[in-house]
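The structure under discussion appears below in the form of structure tokens.
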Amino acid sequence: MTDREDFLAWVESALYQAELALHNGDSAPRRALWSRNEPVSILGAWRNAYGQHELDEVFVGLEKTFSDCTSYAFELQAYDVVDDMAYTAGLEHTSASVNGEPRSYTLRATQVYRREGGEWKVAHRHADTVTE
């Protein structure tokens, strides 16, 4: 399997499952896929974070915010792997409860990954809401 094929398989399995868990109120699988090495950052649809401390605060907040995910799909539009770095760009289509209220929305999401100890880890996320 090539690096690109291996990375895509990881995106479609572990990363997908972590995002689904987050939207059901469990941030642990997502946190496990994020780098514990600096720098890490989020330019989020709802909140920004720089560094491990702020990242942990974001994940705790998201865990409290989301529940009852009825649908999550990642529409991958572009990705690549170069040595120990990779990126994805795509649309995240989600239907879940946000603070107890059912919502459906789409985010444009770009993420940057580093291979650390042979495993892919998220180092940066940028997402914003797609408006009609």
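The chains in the structure tokens are called A, B, ... from first to last as shown; in each chain the residues are counted from 1, and the ligands are counted from 1 in the order shown.
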*Near Trp46 in chain A, within 10 Å and counting only C-alpha atoms, which residues show up once chain neighbours fewer than 5 positions away are dropped, as a PyMOL selection string?*
chain A and resi 58+62+127-129
*If you count only C-alpha atoms, which residues fall within 8 Å of Ser27 in chain A, apart from same-chain ones fewer than 6 positions away, as a list in words?*
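In the requested format, the answer is Ala18, Ala21, Phe59, Val60, Leu62 and Glu63 of chain A.
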Save out the residues we just selected, C-alpha atoms, as a PDB file, in the first residue's frame.
ATOM      1  CA  ALA A  18     -13.350  10.001  15.969  1.00  0.00           C
ATOM      2  CA  ALA A  21     -17.850  10.048  18.374  1.00  0.00           C
ATOM      3  CA  PHE A  59     -12.427  19.474  23.110  1.00  0.00           C
ATOM      4  CA  VAL A  60     -14.081  19.594  26.548  1.00  0.00           C
ATOM      5  CA  LEU A  62     -17.339  20.418  22.148  1.00  0.00           C
ATOM      6  CA  GLU A  63     -17.964  17.251  24.111  1.00  0.00           C
TER       7      GLU A  63
END
*Members of range 8-105 of chain A assigned helix (DSSP H, G or I) by DSSP, as a ChimeraX atom specification*: /A:8-22,28-33,51-65
*Within 8 Å of Ala86 in chain A, counting only C-alpha atoms, which residues qualify if same-chain residues fewer than 4 places away don't, as JSON, numbers by chain?*
{"A": [79, 80, 81, 82, 112, 113, 114]}
*Which polymer residues have any atom within 8 Å of an atom of Tyr50 in chain A, counting only C-alpha atoms, with same-chain residues fewer than 2 positions away left out, as an MDAnalysis selection string?*
chainID A and resid 39:42 48 52:55
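Distance-wise, CA of Ser35 in chain A and CA of Ala96 in chain A end up 26.1 Å apart.
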*Rank A:Thr110, A:Pro102, A:Trp120, A:Thr70 by their smallest atom-to-atom distance to Gly44 in chain A, using only C-alpha atoms, and report the top residue only.*
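Of A:Thr110, A:Pro102, A:Trp120, A:Thr70, the one nearest Gly44 in chain A, counting only C-alpha atoms, is A:Thr110.
Near Thr88 in chain A, within a cut-off of 12 Å and counting only C-alpha atoms, sit the residues Arg4, Phe7, Leu8, Trp10, Val11, Glu12, Leu15, Phe74, Glu75, Leu76, Gln77, Ala78, Tyr79, Asp80, Val81, Glu92, Arg108, Ala109, Thr110, Gln111, Val112, Tyr113, Arg114, Val122, Ala123, His124, Arg125, His126 and Ala127 of chain A, with same-chain residues fewer than 4 positions away left out.
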Take the residues from that selection and put them in a file with N, CA and C atoms, as a PDB file, in the first residue's frame.
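The resulting selection12.pdb:
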ATOM      1  N   ARG A   4      -0.106   7.357   0.333  1.00  0.00           N
ATOM      2  CA  ARG A   4      -1.400   8.011   0.088  1.00  0.00           C
ATOM      3  C   ARG A   4      -2.556   7.060   0.384  1.00  0.00           C
ATOM      4  N   PHE A   7      -2.772   6.559   4.177  1.00  0.00           N
ATOM      5  CA  PHE A   7      -3.334   7.756   4.807  1.00  0.00           C
ATOM      6  C   PHE A   7      -4.839   7.834   4.557  1.00  0.00           C
ATOM      7  N   LEU A   8      -5.279   7.617   3.325  1.00  0.00           N
ATOM      8  CA  LEU A   8      -6.701   7.681   3.008  1.00  0.00           C
ATOM      9  C   LEU A   8      -7.490   6.645   3.799  1.00  0.00           C
ATOM     10  N   TRP A  10      -6.751   5.550   6.737  1.00  0.00           N
ATOM     11  CA  TRP A  10      -6.817   6.094   8.105  1.00  0.00           C
ATOM     12  C   TRP A  10      -7.882   7.184   8.196  1.00  0.00           C
ATOM     13  N   VAL A  11      -7.925   8.083   7.218  1.00  0.00           N
ATOM     14  CA  VAL A  11      -8.933   9.158   7.199  1.00  0.00           C
ATOM     15  C   VAL A  11     -10.339   8.560   7.193  1.00  0.00           C
ATOM     16  N   GLU A  12     -10.536   7.539   6.376  1.00  0.00           N
ATOM     17  CA  GLU A  12     -11.865   6.952   6.215  1.00  0.00           C
ATOM     18  C   GLU A  12     -12.270   6.033   7.363  1.00  0.00           C
ATOM     19  N   LEU A  15     -10.108   8.458  11.635  1.00  0.00           N
ATOM     20  CA  LEU A  15     -10.490   9.875  11.703  1.00  0.00           C
ATOM     21  C   LEU A  15     -12.005  10.023  11.619  1.00  0.00           C
ATOM     22  N   PHE A  74     -18.039  12.955   5.678  1.00  0.00           N
ATOM     23  CA  PHE A  74     -16.924  13.796   5.261  1.00  0.00           C
ATOM     24  C   PHE A  74     -16.749  13.630   3.761  1.00  0.00           C
ATOM     25  N   GLU A  75     -17.012  14.707   3.030  1.00  0.00           N
ATOM     26  CA  GLU A  75     -16.882  14.721   1.581  1.00  0.00           C
ATOM     27  C   GLU A  75     -15.476  15.228   1.237  1.00  0.00           C
ATOM     28  N   LEU A  76     -14.555  14.306   1.109  1.00  0.00           N
ATOM     29  CA  LEU A  76     -13.161  14.644   0.847  1.00  0.00           C
ATOM     30  C   LEU A  76     -13.030  15.206  -0.566  1.00  0.00           C
ATOM     31  N   GLN A  77     -12.444  16.395  -0.670  1.00  0.00           N
ATOM     32  CA  GLN A  77     -12.286  17.030  -1.970  1.00  0.00           C
ATOM     33  C   GLN A  77     -10.841  17.031  -2.443  1.00  0.00           C
ATOM     34  N   ALA A  78      -9.887  17.036  -1.520  1.00  0.00           N
ATOM     35  CA  ALA A  78      -8.473  17.005  -1.886  1.00  0.00           C
ATOM     36  C   ALA A  78      -7.675  16.482  -0.694  1.00  0.00           C
ATOM     37  N   TYR A  79      -6.570  15.798  -1.005  1.00  0.00           N
ATOM     38  CA  TYR A  79      -5.652  15.369   0.049  1.00  0.00           C
ATOM     39  C   TYR A  79      -4.326  15.029  -0.600  1.00  0.00           C
ATOM     40  N   ASP A  80      -3.293  15.043   0.231  1.00  0.00           N
ATOM     41  CA  ASP A  80      -1.987  14.607  -0.252  1.00  0.00           C
ATOM     42  C   ASP A  80      -1.120  14.249   0.931  1.00  0.00           C
ATOM     43  N   VAL A  81      -0.078  13.491   0.642  1.00  0.00           N
ATOM     44  CA  VAL A  81       0.917  13.084   1.623  1.00  0.00           C
ATOM     45  C   VAL A  81       2.280  13.384   1.019  1.00  0.00           C
ATOM     46  N   GLU A  92     -17.733  18.761   5.687  1.00  0.00           N
ATOM     47  CA  GLU A  92     -18.288  17.920   6.743  1.00  0.00           C
ATOM     48  C   GLU A  92     -19.776  18.219   6.854  1.00  0.00           C
ATOM     49  N   ARG A 108     -16.763  23.710   5.871  1.00  0.00           N
ATOM     50  CA  ARG A 108     -15.570  23.518   5.044  1.00  0.00           C
ATOM     51  C   ARG A 108     -14.448  23.252   6.026  1.00  0.00           C
ATOM     52  N   ALA A 109     -13.716  22.186   5.833  1.00  0.00           N
ATOM     53  CA  ALA A 109     -12.679  21.827   6.807  1.00  0.00           C
ATOM     54  C   ALA A 109     -11.382  21.444   6.102  1.00  0.00           C
ATOM     55  N   THR A 110     -10.303  22.050   6.571  1.00  0.00           N
ATOM     56  CA  THR A 110      -8.959  21.710   6.113  1.00  0.00           C
ATOM     57  C   THR A 110      -8.155  21.313   7.345  1.00  0.00           C
ATOM     58  N   GLN A 111      -7.457  20.192   7.258  1.00  0.00           N
ATOM     59  CA  GLN A 111      -6.637  19.750   8.374  1.00  0.00           C
ATOM     60  C   GLN A 111      -5.238  19.417   7.878  1.00  0.00           C
ATOM     61  N   VAL A 112      -4.261  19.627   8.768  1.00  0.00           N
ATOM     62  CA  VAL A 112      -2.861  19.315   8.505  1.00  0.00           C
ATOM     63  C   VAL A 112      -2.455  18.230   9.498  1.00  0.00           C
ATOM     64  N   TYR A 113      -1.700  17.248   9.012  1.00  0.00           N
ATOM     65  CA  TYR A 113      -1.310  16.087   9.812  1.00  0.00           C
ATOM     66  C   TYR A 113       0.205  15.908   9.789  1.00  0.00           C
ATOM     67  N   ARG A 114       0.716  15.357  10.889  1.00  0.00           N
ATOM     68  CA  ARG A 114       2.128  14.958  10.974  1.00  0.00           C
ATOM     69  C   ARG A 114       2.174  13.471  11.325  1.00  0.00           C
ATOM     70  N   VAL A 122      -3.234  14.808  14.003  1.00  0.00           N
ATOM     71  CA  VAL A 122      -3.704  16.112  13.527  1.00  0.00           C
ATOM     72  C   VAL A 122      -2.893  17.196  14.226  1.00  0.00           C
ATOM     73  N   ALA A 123      -2.419  18.169  13.458  1.00  0.00           N
ATOM     74  CA  ALA A 123      -1.649  19.278  14.013  1.00  0.00           C
ATOM     75  C   ALA A 123      -2.380  20.613  13.873  1.00  0.00           C
ATOM     76  N   HIS A 124      -3.276  20.701  12.893  1.00  0.00           N
ATOM     77  CA  HIS A 124      -3.995  21.964  12.659  1.00  0.00           C
ATOM     78  C   HIS A 124      -5.333  21.667  11.994  1.00  0.00           C
ATOM     79  N   ARG A 125      -6.334  22.451  12.377  1.00  0.00           N
ATOM     80  CA  ARG A 125      -7.670  22.362  11.774  1.00  0.00           C
ATOM     81  C   ARG A 125      -8.169  23.767  11.514  1.00  0.00           C
ATOM     82  N   HIS A 126      -8.724  23.960  10.328  1.00  0.00           N
ATOM     83  CA  HIS A 126      -9.422  25.209  10.010  1.00  0.00           C
ATOM     84  C   HIS A 126     -10.781  24.809   9.455  1.00  0.00           C
ATOM     85  N   ALA A 127     -11.834  25.364  10.031  1.00  0.00           N
ATOM     86  CA  ALA A 127     -13.185  25.052   9.563  1.00  0.00           C
ATOM     87  C   ALA A 127     -14.047  26.302   9.651  1.00  0.00           C
TER      88      ALA A 127
END
*CA of Thr106 in chain A to CA of Thr94 in chain A: how many Å, to one decimal?*
6.2 Å
*asked:* Please return, as a PyMOL selection string, all residues of range 61-110 of chain A that DSSP assigns to strand (DSSP E) on the basis of the backbone.
replied: chain A and resi 66-82+85-98+101-110
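Nearest residue to Ser71 in chain A, choosing from A:Gly118, A:Asp3, A:Arg103, A:Val130 and counting only C-alpha atoms: A:Arg103.
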*Check the smallest atom-to-atom distance from each of A:Ala14, A:Leu107, A:Ala73, A:Ser95 to Thr131 in chain A using only C-alpha atoms, then report the winner.*
A:Leu107
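Distance check against Tyr16 in chain A using only C-alpha atoms: of A:Arg36, A:His93, A:Lys64, A:Arg115, the minimum falls on A:His93.
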